[in-house]
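Text of structure_9.tsv, listed as TSV, C-alpha atoms and all ligand atoms:
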```
chain	number	residue	atom	x	y	z
A	1	MET	CA	245.80	-49.14	84.66
A	2	ARG	CA	243.51	-48.55	87.64
A	3	ILE	CA	244.61	-48.45	91.26
A	4	LEU	CA	242.67	-47.98	94.50
A	5	HIS	CA	244.12	-46.07	97.43
A	6	ILE	CA	242.66	-46.74	100.90
A	7	SER	CA	244.05	-46.52	104.43
A	8	ASP	CA	243.38	-46.51	108.16
A	9	LEU	CA	241.06	-49.52	108.34
A	10	HIS	CA	241.62	-49.78	112.10
A	11	ALA	CA	240.27	-53.35	112.24
A	12	GLY	CA	239.45	-54.12	115.87
A	13	LYS	CA	238.49	-50.53	116.73
A	14	ARG	CA	236.01	-50.29	119.61
A	15	LEU	CA	234.16	-47.20	120.78
A	16	TYR	CA	234.61	-46.69	124.52
A	17	ASP	CA	236.27	-50.16	124.61
A	18	ARG	CA	232.83	-51.62	124.09
A	19	ILE	CA	231.23	-51.16	120.70
A	20	SER	CA	232.93	-53.10	117.89
A	21	ARG	CA	233.22	-51.28	114.57
A	22	LEU	CA	233.92	-54.42	112.54
A	23	GLU	CA	230.53	-54.34	110.80
A	24	ASP	CA	231.27	-50.77	109.64
A	25	LEU	CA	234.64	-51.91	108.29
A	26	ILE	CA	233.21	-55.01	106.58
A	27	TYR	CA	230.57	-52.83	104.90
A	28	ALA	CA	233.33	-50.55	103.55
A	29	LEU	CA	235.49	-53.47	102.38
A	30	GLU	CA	232.53	-54.93	100.47
A	31	GLN	CA	232.37	-51.66	98.52
A	32	VAL	CA	236.12	-51.81	97.87
A	33	LYS	CA	235.70	-55.29	96.37
A	34	THR	CA	232.77	-54.16	94.21
A	35	ILE	CA	234.76	-51.19	92.88
A	36	CYS	CA	237.69	-53.52	92.13
A	37	LYS	CA	235.39	-55.66	89.97
A	38	GLU	CA	233.52	-52.82	88.27
A	39	GLU	CA	236.58	-50.70	87.51
A	40	SER	CA	238.93	-53.59	86.68
A	41	VAL	CA	241.34	-52.47	89.39
A	42	GLU	CA	244.78	-54.09	89.21
A	43	ILE	CA	246.33	-52.84	92.45
A	44	VAL	CA	244.97	-51.90	95.89
A	45	LEU	CA	247.22	-49.74	98.07
A	46	ILE	CA	246.53	-49.89	101.83
A	47	ALA	CA	248.50	-47.04	103.40
A	48	GLY	CA	248.77	-48.30	106.96
A	49	ASP	CA	246.83	-48.70	110.21
A	50	ILE	CA	245.38	-51.98	109.00
A	51	PHE	CA	244.70	-52.89	112.62
A	52	ASP	CA	243.75	-50.66	115.52
A	53	LYS	CA	245.87	-52.50	118.08
A	54	ARG	CA	249.36	-53.94	118.04
A	55	ASN	CA	247.91	-57.32	119.07
A	56	PRO	CA	244.71	-57.55	117.04
A	57	ASP	CA	241.90	-59.84	118.22
A	58	TYR	CA	241.10	-62.98	116.21
A	59	GLU	CA	237.90	-61.64	114.73
A	60	SER	CA	239.51	-58.56	113.16
A	61	GLN	CA	242.43	-60.66	111.88
A	62	ASN	CA	239.88	-62.94	110.24
A	63	VAL	CA	238.13	-60.00	108.55
A	64	ILE	CA	241.43	-58.74	107.11
A	65	MET	CA	242.56	-62.21	106.05
A	66	GLU	CA	239.26	-62.80	104.27
A	67	PHE	CA	239.47	-59.44	102.51
A	68	LEU	CA	243.02	-60.12	101.30
A	69	THR	CA	242.05	-63.60	100.14
A	70	GLU	CA	239.10	-62.26	98.17
A	71	LEU	CA	241.21	-59.52	96.53
A	72	ASN	CA	243.70	-62.20	95.54
A	73	ALA	CA	240.88	-64.23	94.00
A	74	LEU	CA	240.01	-61.14	91.92
A	75	GLU	CA	243.62	-61.21	90.61
A	76	VAL	CA	244.29	-57.88	92.31
A	77	HIS	CA	247.74	-57.09	93.74
A	78	THR	CA	247.46	-55.71	97.28
A	79	LEU	CA	250.23	-53.62	98.85
A	80	LEU	CA	250.19	-53.09	102.61
A	81	ILE	CA	252.39	-50.91	104.76
A	82	ALA	CA	252.41	-50.81	108.56
A	83	GLY	CA	250.96	-47.72	110.24
A	84	ASN	CA	251.71	-46.29	113.66
A	85	HIS	CA	248.92	-48.41	115.15
A	86	ASP	CA	250.32	-51.61	113.63
A	87	SER	CA	253.13	-53.67	115.08
A	88	TYR	CA	256.10	-54.15	112.73
A	89	ASP	CA	256.58	-57.69	114.02
A	90	PHE	CA	252.93	-58.57	113.67
A	91	MET	CA	252.85	-57.29	110.07
A	92	LYS	CA	255.94	-59.38	109.38
A	93	ILE	CA	253.79	-62.51	109.79
A	94	TYR	CA	251.58	-61.33	106.90
A	95	LYS	CA	254.68	-60.86	104.74
A	96	ASN	CA	254.69	-64.62	104.15
A	97	LEU	CA	251.53	-64.30	102.08
A	98	ARG	CA	253.71	-62.99	99.26
A	99	LYS	CA	254.89	-66.57	98.68
A	100	LEU	CA	251.31	-67.74	98.13
A	101	ALA	CA	249.47	-64.77	96.74
A	102	LYS	CA	249.51	-61.31	95.18
A	103	ILE	CA	249.89	-59.74	98.60
A	104	HIS	CA	252.90	-57.57	99.31
A	105	VAL	CA	253.52	-56.52	102.89
A	106	PHE	CA	256.02	-53.83	103.88
A	107	ASP	CA	256.25	-54.32	107.63
A	108	ARG	CA	258.90	-51.68	108.47
A	109	PRO	CA	261.01	-49.09	106.64
A	110	ALA	CA	263.64	-51.01	104.68
A	111	LYS	CA	267.21	-49.90	105.35
A	112	ASP	CA	268.04	-50.62	101.74
A	113	PRO	CA	265.57	-48.47	99.72
A	114	ALA	CA	265.73	-50.98	96.86
A	115	GLU	CA	263.82	-53.43	99.06
A	116	ALA	CA	260.96	-50.96	99.46
A	117	ILE	CA	259.98	-51.07	95.79
A	118	PHE	CA	257.08	-52.90	94.15
A	119	HIS	CA	257.53	-53.19	90.39
A	120	TYR	CA	254.59	-53.98	88.12
A	121	LYS	CA	254.44	-53.34	84.35
A	122	ASP	CA	255.48	-49.68	83.83
A	123	LEU	CA	254.78	-48.75	87.45
A	124	LYS	CA	257.03	-48.59	90.51
A	125	VAL	CA	255.61	-48.04	93.99
A	126	ALA	CA	258.00	-47.01	96.78
A	127	CYS	CA	256.63	-48.14	100.15
A	128	LEU	CA	257.33	-46.30	103.38
A	129	PRO	CA	255.70	-47.86	106.46
A	130	TYR	CA	255.32	-45.54	109.46
A	131	PRO	CA	258.88	-44.29	110.06
A	132	ASP	CA	259.23	-44.85	113.78
A	133	GLU	CA	261.83	-42.44	115.12
A	134	ARG	CA	263.98	-45.22	116.60
A	135	VAL	CA	264.08	-47.06	113.27
A	136	ILE	CA	264.77	-44.07	111.05
A	137	THR	CA	267.54	-42.89	113.39
A	138	HIS	CA	269.55	-46.05	112.74
A	139	PHE	CA	269.52	-45.34	108.99
A	140	HIS	CA	271.76	-42.31	109.30
A	141	GLU	CA	275.15	-41.50	110.66
A	142	GLU	CA	274.26	-37.90	111.36
A	143	ARG	CA	272.51	-38.18	114.70
A	144	GLU	CA	271.87	-34.45	115.01
A	145	ARG	CA	269.40	-34.29	112.13
A	146	SER	CA	265.74	-33.75	113.04
A	147	TYR	CA	263.11	-36.46	112.56
A	148	ALA	CA	261.61	-34.52	109.62
A	149	ASP	CA	265.04	-34.22	107.96
A	150	LYS	CA	265.72	-37.93	108.29
A	151	VAL	CA	262.37	-38.83	106.72
A	152	ALA	CA	262.94	-36.28	103.94
A	153	LYS	CA	266.35	-37.78	103.18
A	154	TYR	CA	264.89	-41.30	103.09
A	155	MET	CA	262.11	-40.21	100.72
A	156	LYS	CA	264.80	-38.84	98.36
A	157	ALA	CA	266.52	-42.22	98.40
A	158	LEU	CA	263.18	-43.88	97.57
A	159	ALA	CA	262.64	-41.44	94.69
A	160	ARG	CA	265.96	-42.47	93.13
A	161	GLU	CA	264.83	-46.10	93.12
A	162	VAL	CA	261.72	-45.41	91.01
A	163	GLU	CA	263.15	-42.80	88.59
A	164	ASP	CA	263.34	-45.14	85.60
A	165	ALA	CA	259.65	-46.14	85.71
A	166	ARG	CA	256.94	-44.44	83.65
A	167	TYR	CA	254.58	-44.17	86.63
A	168	LYS	CA	256.07	-43.50	90.09
A	169	ILE	CA	254.04	-43.74	93.26
A	170	LEU	CA	255.05	-43.23	96.87
A	171	MET	CA	252.89	-44.94	99.49
A	172	ALA	CA	253.62	-43.78	103.05
A	173	HIS	CA	252.13	-43.59	106.55
A	174	LEU	CA	253.09	-40.08	107.61
A	175	MET	CA	251.99	-36.84	109.21
A	176	LEU	CA	252.50	-33.91	106.84
A	177	ASP	CA	252.68	-30.35	108.21
A	178	LYS	CA	250.02	-29.13	105.77
A	179	ALA	CA	247.49	-31.91	106.49
A	180	GLN	CA	244.16	-31.25	108.17
A	181	ILE	CA	243.53	-33.78	110.92
A	182	ALA	CA	240.14	-35.37	111.62
A	183	GLY	CA	240.58	-35.54	115.40
A	184	SER	CA	240.46	-39.32	115.71
A	185	GLU	CA	244.20	-39.83	115.16
A	186	LEU	CA	246.46	-40.61	118.11
A	187	PRO	CA	247.17	-37.10	119.54
A	188	SER	CA	250.90	-37.68	120.08
A	189	SER	CA	251.33	-38.93	116.50
A	190	VAL	CA	250.02	-35.73	114.90
A	191	SER	CA	252.22	-33.36	116.93
A	192	PRO	CA	254.41	-30.88	114.99
A	193	TYR	CA	257.51	-32.79	116.14
A	194	TYR	CA	256.49	-35.82	114.08
A	195	SER	CA	255.35	-33.77	111.08
A	196	VAL	CA	257.20	-34.01	107.82
A	197	ARG	CA	257.42	-30.96	105.57
A	198	THR	CA	255.06	-31.24	102.61
A	199	ASP	CA	257.60	-29.49	100.35
A	200	ALA	CA	260.13	-32.23	101.19
A	201	ILE	CA	258.22	-34.73	99.03
A	202	PRO	CA	260.42	-35.35	95.97
A	203	GLU	CA	259.14	-34.07	92.62
A	204	THR	CA	259.87	-37.45	91.05
A	205	PHE	CA	256.58	-39.03	92.15
A	206	SER	CA	253.46	-38.83	90.03
A	207	TYR	CA	251.19	-39.63	92.99
A	208	VAL	CA	251.67	-39.95	96.76
A	209	ALA	CA	249.24	-42.30	98.57
A	210	LEU	CA	249.20	-41.42	102.24
A	211	GLY	CA	247.73	-42.90	105.38
A	212	HIS	CA	247.62	-41.65	108.98
A	213	VAL	CA	245.27	-38.67	108.77
A	214	HIS	CA	241.65	-39.86	108.73
A	215	LYS	CA	240.16	-37.07	106.62
A	216	ASN	CA	240.20	-37.54	102.83
A	217	GLN	CA	242.12	-34.66	101.30
A	218	LYS	CA	244.52	-33.43	98.69
A	219	VAL	CA	247.51	-31.85	100.43
A	220	GLU	CA	248.62	-28.62	98.78
A	221	GLY	CA	252.18	-27.38	98.85
A	222	ALA	CA	254.00	-30.22	97.06
A	223	VAL	CA	254.83	-30.68	93.39
A	224	PRO	CA	253.35	-34.21	93.09
A	225	LYS	CA	249.69	-35.04	93.70
A	226	VAL	CA	249.62	-35.84	97.41
A	227	TYR	CA	246.51	-37.40	98.90
A	228	TYR	CA	245.27	-38.88	102.15
A	229	SER	CA	242.46	-41.33	101.36
A	230	GLY	CA	241.19	-41.08	104.95
A	231	SER	CA	239.54	-43.85	106.94
A	232	PRO	CA	236.72	-45.77	105.21
A	233	TYR	CA	234.24	-45.19	108.08
A	234	GLN	CA	233.85	-42.63	110.86
A	235	ILE	CA	236.38	-43.90	113.41
A	236	ASP	CA	235.02	-42.03	116.43
A	237	PHE	CA	232.69	-39.16	117.35
A	238	SER	CA	235.24	-36.53	116.34
A	239	GLU	CA	234.41	-37.61	112.75
A	240	LYS	CA	230.63	-37.30	113.11
A	241	GLY	CA	228.88	-35.95	110.03
A	242	THR	CA	231.89	-36.39	107.74
A	243	ASP	CA	231.77	-38.17	104.40
A	244	LYS	CA	234.17	-40.98	103.59
A	245	PHE	CA	235.94	-41.64	100.30
A	246	LEU	CA	238.50	-43.76	98.59
A	247	ASN	CA	240.72	-42.64	95.73
A	248	LEU	CA	240.64	-44.31	92.34
A	249	LEU	CA	243.77	-43.61	90.30
A	250	VAL	CA	243.66	-43.85	86.55
A	251	LEU	CA	247.12	-44.18	84.98
A	252	GLU	CA	246.89	-43.08	81.38
A	253	ASP	CA	249.16	-41.38	78.82
A	254	GLY	CA	251.91	-40.93	81.40
A	255	LEU	CA	249.59	-39.09	83.79
A	256	VAL	CA	247.73	-40.05	86.98
A	257	ARG	CA	244.11	-38.93	87.21
A	258	VAL	CA	242.45	-39.05	90.63
A	259	GLU	CA	238.76	-39.77	91.18
A	260	ARG	CA	237.30	-39.66	94.65
A	261	ILE	CA	234.57	-42.23	95.23
A	262	ARG	CA	232.23	-41.64	98.15
A	263	LEU	CA	231.65	-44.65	100.40
A	264	ASP	CA	228.29	-45.51	101.82
A	265	LEU	CA	228.33	-45.81	105.62
A	266	LYS	CA	226.85	-48.69	107.57
A	267	ARG	CA	226.30	-46.46	110.60
A	268	GLN	CA	226.59	-42.69	110.96
A	269	LEU	CA	227.91	-41.37	114.25
A	270	VAL	CA	225.50	-38.84	115.74
A	271	GLU	CA	225.59	-36.59	118.81
A	272	ILE	CA	222.33	-35.43	120.40
A	273	THR	CA	221.83	-33.00	123.27
A	274	ILE	CA	218.59	-33.37	125.23
A	275	LYS	CA	217.58	-30.15	126.99
A	276	GLU	CA	215.65	-30.09	130.26
A	277	THR	CA	212.34	-29.19	128.61
A	278	ASP	CA	212.74	-31.43	125.54
A	279	ASN	CA	210.35	-34.26	124.82
A	280	ILE	CA	212.89	-37.10	124.87
A	281	GLN	CA	210.83	-39.39	122.69
A	282	ALA	CA	210.40	-36.72	120.01
A	283	VAL	CA	214.09	-35.75	120.06
A	284	LEU	CA	215.36	-39.32	119.79
A	285	LYS	CA	212.75	-40.68	117.38
A	286	PRO	CA	214.54	-39.73	114.12
A	287	ALA	CA	217.80	-41.30	115.33
A	288	ALA	CA	216.09	-44.41	116.71
A	289	GLU	CA	214.78	-45.16	113.22
A	290	LYS	CA	218.14	-44.88	111.44
A	291	ASN	CA	221.37	-46.87	111.26
A	292	VAL	CA	223.39	-44.83	113.69
A	293	LEU	CA	225.48	-44.92	116.84
A	294	VAL	CA	224.48	-42.13	119.19
A	295	LYS	CA	226.28	-40.17	121.87
A	296	VAL	CA	223.67	-38.46	124.05
A	297	CYS	CA	224.20	-35.49	126.30
A	298	LEU	CA	221.33	-35.36	128.78
A	299	GLN	CA	220.96	-32.03	130.56
A	300	VAL	CA	219.55	-32.54	134.04
A	301	ARG	CA	218.68	-29.98	136.68
A	302	MET	CA	220.02	-30.68	140.13
A	303	GLY	CA	217.48	-32.64	142.11
A	304	ASP	CA	215.31	-33.46	139.10
A	305	PRO	CA	213.08	-36.23	140.52
A	306	TYR	CA	212.68	-37.70	137.03
A	307	TYR	CA	216.42	-38.15	136.46
A	308	ASN	CA	216.35	-41.96	136.62
A	309	ILE	CA	213.25	-42.16	134.47
A	310	LYS	CA	214.79	-39.88	131.83
A	311	ARG	CA	218.03	-41.84	131.78
A	312	ASP	CA	216.21	-45.16	131.46
A	313	LEU	CA	214.01	-43.78	128.70
A	314	VAL	CA	217.08	-42.76	126.65
A	315	SER	CA	218.54	-46.27	127.03
A	316	LYS	CA	215.24	-47.91	126.17
A	317	LEU	CA	214.55	-45.78	123.09
A	318	LEU	CA	218.04	-46.17	121.61
A	319	GLY	CA	218.94	-49.67	122.80
A	320	GLU	CA	222.16	-50.87	121.13
A	321	LYS	CA	222.43	-47.62	119.19
A	322	LEU	CA	223.35	-45.79	122.37
A	323	ALA	CA	227.15	-45.58	122.40
A	324	LYS	CA	227.51	-43.18	125.31
A	325	LEU	CA	225.29	-41.27	127.69
A	326	ASP	CA	226.78	-38.14	129.21
A	327	ILE	CA	224.94	-36.34	131.99
A	328	GLU	CA	225.36	-32.57	132.02
A	329	PRO	CA	224.15	-30.97	135.27
A	330	ILE	CA	222.53	-27.58	134.77
A	331	GLY	CA	221.53	-24.91	137.29
A	332	ASN	CA	223.83	-25.57	140.25
A	333	SER	CA	227.32	-26.15	139.02
A	334	GLN	CA	228.15	-28.98	141.44
A	335	PRO	CA	228.11	-32.38	139.72
A	336	LEU	CA	225.51	-34.85	140.94
A	337	GLU	CA	226.77	-37.37	143.48
A	338	THR	CA	226.02	-40.85	142.33
A	339	LYS	CA	226.21	-44.12	144.19
A	340	GLY	CA	226.75	-46.89	141.68
A	341	ASN	CA	223.89	-46.52	139.28
A	342	SER	CA	221.43	-44.62	141.50
A	343	PHE	CA	221.44	-41.45	143.53
A	344	ASP	CA	221.57	-41.10	147.26
A	345	LEU	CA	217.92	-40.16	147.68
A	346	VAL	CA	218.42	-38.42	151.02
A	347	GLU	CA	221.08	-36.19	149.46
A	348	LEU	CA	218.92	-35.62	146.43
A	349	TYR	CA	216.02	-34.61	148.68
A	350	GLY	CA	218.41	-32.30	150.52
A	351	GLU	CA	219.28	-30.59	147.23
A	352	PHE	CA	215.61	-30.18	146.44
A	353	TYR	CA	214.82	-28.83	149.93
A	354	ARG	CA	217.62	-26.28	149.78
A	355	GLU	CA	216.49	-25.07	146.32
A	356	LYS	CA	212.87	-24.76	147.38
A	357	TYR	CA	213.10	-23.49	150.98
A	358	ARG	CA	216.53	-21.86	150.89
A	359	SER	CA	217.53	-23.65	154.12
A	360	GLU	CA	218.94	-26.97	155.29
A	361	PRO	CA	216.41	-29.80	155.61
A	362	PRO	CA	215.57	-30.49	159.32
A	363	GLU	CA	217.58	-33.43	160.66
A	364	GLU	CA	214.40	-35.19	161.78
A	365	LEU	CA	212.99	-35.08	158.26
A	366	ARG	CA	216.22	-36.53	156.87
A	367	ALA	CA	216.16	-39.36	159.43
A	368	THR	CA	212.54	-40.21	158.66
A	369	LEU	CA	213.22	-40.19	154.95
A	370	LYS	CA	216.24	-42.46	155.43
A	371	ARG	CA	214.22	-44.98	157.48
A	372	LEU	CA	211.51	-44.96	154.83
A	373	ILE	CA	213.99	-45.52	151.98
A	374	ASP	CA	215.77	-48.33	153.85
A	375	LYS	CA	212.43	-50.01	154.51
A	376	VAL	CA	211.32	-49.71	150.86
A	377	GLY	CA	214.76	-50.88	149.76
A	378	ILE	CA	214.59	-54.00	151.91
A	379	GLU	CA	211.05	-54.82	150.83
A	380	HIS	CA	211.98	-54.22	147.22
A	381	HIS	CA	214.97	-56.55	147.29
A	382	SER	CA	213.46	-59.32	149.43
B	401	MN	MN	245.04	-44.15	111.67
```
Render the structure in this file as C-alpha cells.
Amino acid sequence: MRILHISDLHAGKRLYDRISRLEDLIYALEQVKTICKEESVEIVLIAGDIFDKRNPDYESQNVIMEFLTELNALEVHTLLIAGNHDSYDFMKIYKNLRKLAKIHVFDRPAKDPAEAIFHYKDLKVACLPYPDERVITHFHEERERSYADKVAKYMKALAREVEDARYKILMAHLMLDKAQIAGSELPSSVSPYYSVRTDAIPETFSYVALGHVHKNQKVEGAVPKVYYSGSPYQIDFSEKGTDKFLNLLVLEDGLVRVERIRLDLKRQLVEITIKETDNIQAVLKPAAEKNVLVKVCLQVRMGDPYYNIKRDLVSKLLGEKLAKLDIEPIGNSQPLETKGNSFDLVELYGEFYREKYRSEPPEELRATLKRLIDKVGIEHHS
C-alpha cells in the first residue's frame, strides 16, 4: 500500500498581506495528484495547517475543495487534521464530506481516543489535530501536569487504540523538541513551552506523519520513524533557497519505507541586495527572467540625488515579481526622512550641502530652493 504525507498547505497565505501564494499552492497540489496517479496512492495524509487563516477567503476554500474532490475522484482516501492556523469549528464544516466522499476530517483532538482512529485494510491511523492547551487540559484530571506531559499521555492512549493493526501510523500537528524550524512558523507556536518531547512518542507506531514545522526532515531521537513533510512551497522569505518535498510511504512486508519526492516550485523566493555602485539592471536581470518573487534591499547613500530614479528602476525591472523593497541607508546612520512617496527636497539638499561643505546651508538658499520647488510642483500638477 502507498500513502502520501503532506502538510502545511497554508491556503490563503499572502506575503506582506498583498501577494497571494495560491498559484504556488495549486502548482504543488497538481504534483500531488500526479504522484497519486503514477504511484497508485491509496491514502493522502494532510497533517494540518490546511488554511493560513481561521476564516479562509472564498478563493482558497475553493482551491482546497477542488483538490479534495479530485482526490476523491481518484478513489484516494484523504485524512485531514486541523493545525494551529486552522479553526476547529471551521474544519468541523468539512467533516460532513465524510458522508459523501472518502474524506476524513479530524477537526479537534477527540476526548475519546477511539474516535481519532481511521481504519483501512491492515492499517490504523491515529489522528491528533493541533492539541490546543485549553482543549488538552480538559482531558485530564491532573491539572498540574505540563502541556508536554498531557500530550505525551494522550499519544499513549492513541497508541493503545492502534496496537492490533499490522501497520500503525500517528498523524499529528505538533512541535517536537528535536525539530529544526524553518523560520516561517508562528513564533509563539514553536516556543519550548509548547514543545513535546521526541522520546515521548510511543514505540507502537511504525510511522509518525507530522505537520507544523515547515522544513522537511526526519526527527531523530524516537523509536518510530518520525517525519515532518514540510510545506509544499516556500511560505515566506525565511525559507528562501530551500527545497520542498513530500513523503511517499510504502507499506510492505510489515515495514514502512519512506521515499522523499522533491517538488518543483512555481516561484522561488529570492533576496537581492543592490549596493551603491552596482549596475541595477545587471544585478536584477537574472531574476527578472525567472519565475521568482524578489525581496530587494537597496543601499542608498544619504542625499543620493538618484534615489527616486533607482527605486523606480527596481520597480520597473521587476514589476509583479517585486514582493518588497527595503531601503538601507548607508554612510550617515540617520534614516532618510520621507514624505509619502517622495523626499522633502529642501531637507535632502540640506543633507547634501552639509556633506559637501561641512556647514549648514544658508537660510536664503533654502528659501530660494523652496520657492523654486513649490513653483515647479504647482506647474507640474496643474
Ligand atoms: Mn504551518
Centre and edge lengths, as lines of an AutoDock Vina configuration file, for the axis-aligned box enclosing every listed atom of region 22-33 of chain A with 6 Å of padding on each of the six sides, in Å to one decimal?
```
center_x = 233.3
center_y = -52.9
center_z = 104.5
size_x = 17.6
size_y = 16.7
size_z = 28.2
```
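Atom pair CA of Tyr16 (chain A) / CA of Pro56 (chain A): separated by 16.6 Å.
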*Protein and nucleic acid residues within 8 Å of ligand MN 401 (chain B) (all atoms listed in the file) as a ChimeraX atom specification*: /A:7-10,48-49,52,83-85,184-186,211-214,231
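From CA of Ile46 (chain A) back to CA of Asp236 (chain A), the distance works out to 20.2 Å.
Every protein or nucleic acid residue with an atom no more than 10 Å from Asp304 (chain A), counting all atoms listed in the file and leaving out same-chain residues fewer than 4 positions away, appears here: Glu276, Val300, Asn308, Lys310, Pro329, Leu348, Tyr349, Glu351 and Phe352 of chain A.
Using all atoms listed in the file, the protein and nucleic acid residues lying at most 8 Å from the point (227.7, -46.6, 126.6) are Tyr16, Arg18, Leu322, Ala323, Lys324 and Leu325 of chain A.
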For the selection you just gave me, I'd like the residues written to a file as a compact mmCIF listing (two decimals), keeping the file's coordinate frame, keeping C-alpha atoms.
```
# COMPACT_ATOMS: atom_id res chain seq x y z
CA TYR A 16 234.61 -46.69 124.52
CA ARG A 18 232.83 -51.62 124.09
CA LEU A 322 223.35 -45.79 122.37
CA ALA A 323 227.15 -45.58 122.40
CA LYS A 324 227.51 -43.18 125.31
CA LEU A 325 225.29 -41.27 127.69
```
The distance between CA of Ala126 (chain A) and CA of Ser206 (chain A) is 11.5 Å
In terms of only C-alpha atoms, the residue from A:Ala28, A:Val44, A:Val283, A:Val296 at minimal distance from Lys244 (chain A) is A:Ala28
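Counting only C-alpha atoms, the residue from A:Lys121, A:Tyr58, A:Arg21, A:Lys13 that sits nearest to Ile43 (chain A) is A:Lys121.
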*Up to 10 Å from (248.9, -49.5, 100.0) in the file's coordinates: name the residues, counting all atoms listed in the file, as a PyMOL selection string.*
chain A and resi 3-7+43-48+50+77-82+104-106+125-129+170-173+209-211
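Neighbouring residues of Leu123 (chain A) at 10 Å or closer, counting only C-alpha atoms and skipping chain neighbours under 6 positions away, are Met1, Val162, Asp164, Ala165, Arg166, Tyr167, Lys168, Ile169 and Leu251 of chain A.
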Polymer residues at most 12 Å from region 287-291 of chain A, only C-alpha atoms, same-chain spacing of 5 or more positions, as JSON, numbers by chain: {"A": [23, 24, 264, 265, 266, 267, 268, 269, 270, 271, 272, 280, 281, 282, 296, 314, 315, 316, 317, 318, 319, 320, 321, 322]}
With distances taken over only C-alpha atoms, the candidate from A:Ser229, A:Pro187, A:Arg14, A:Leu22 nearest Val63 (chain A) is A:Leu22
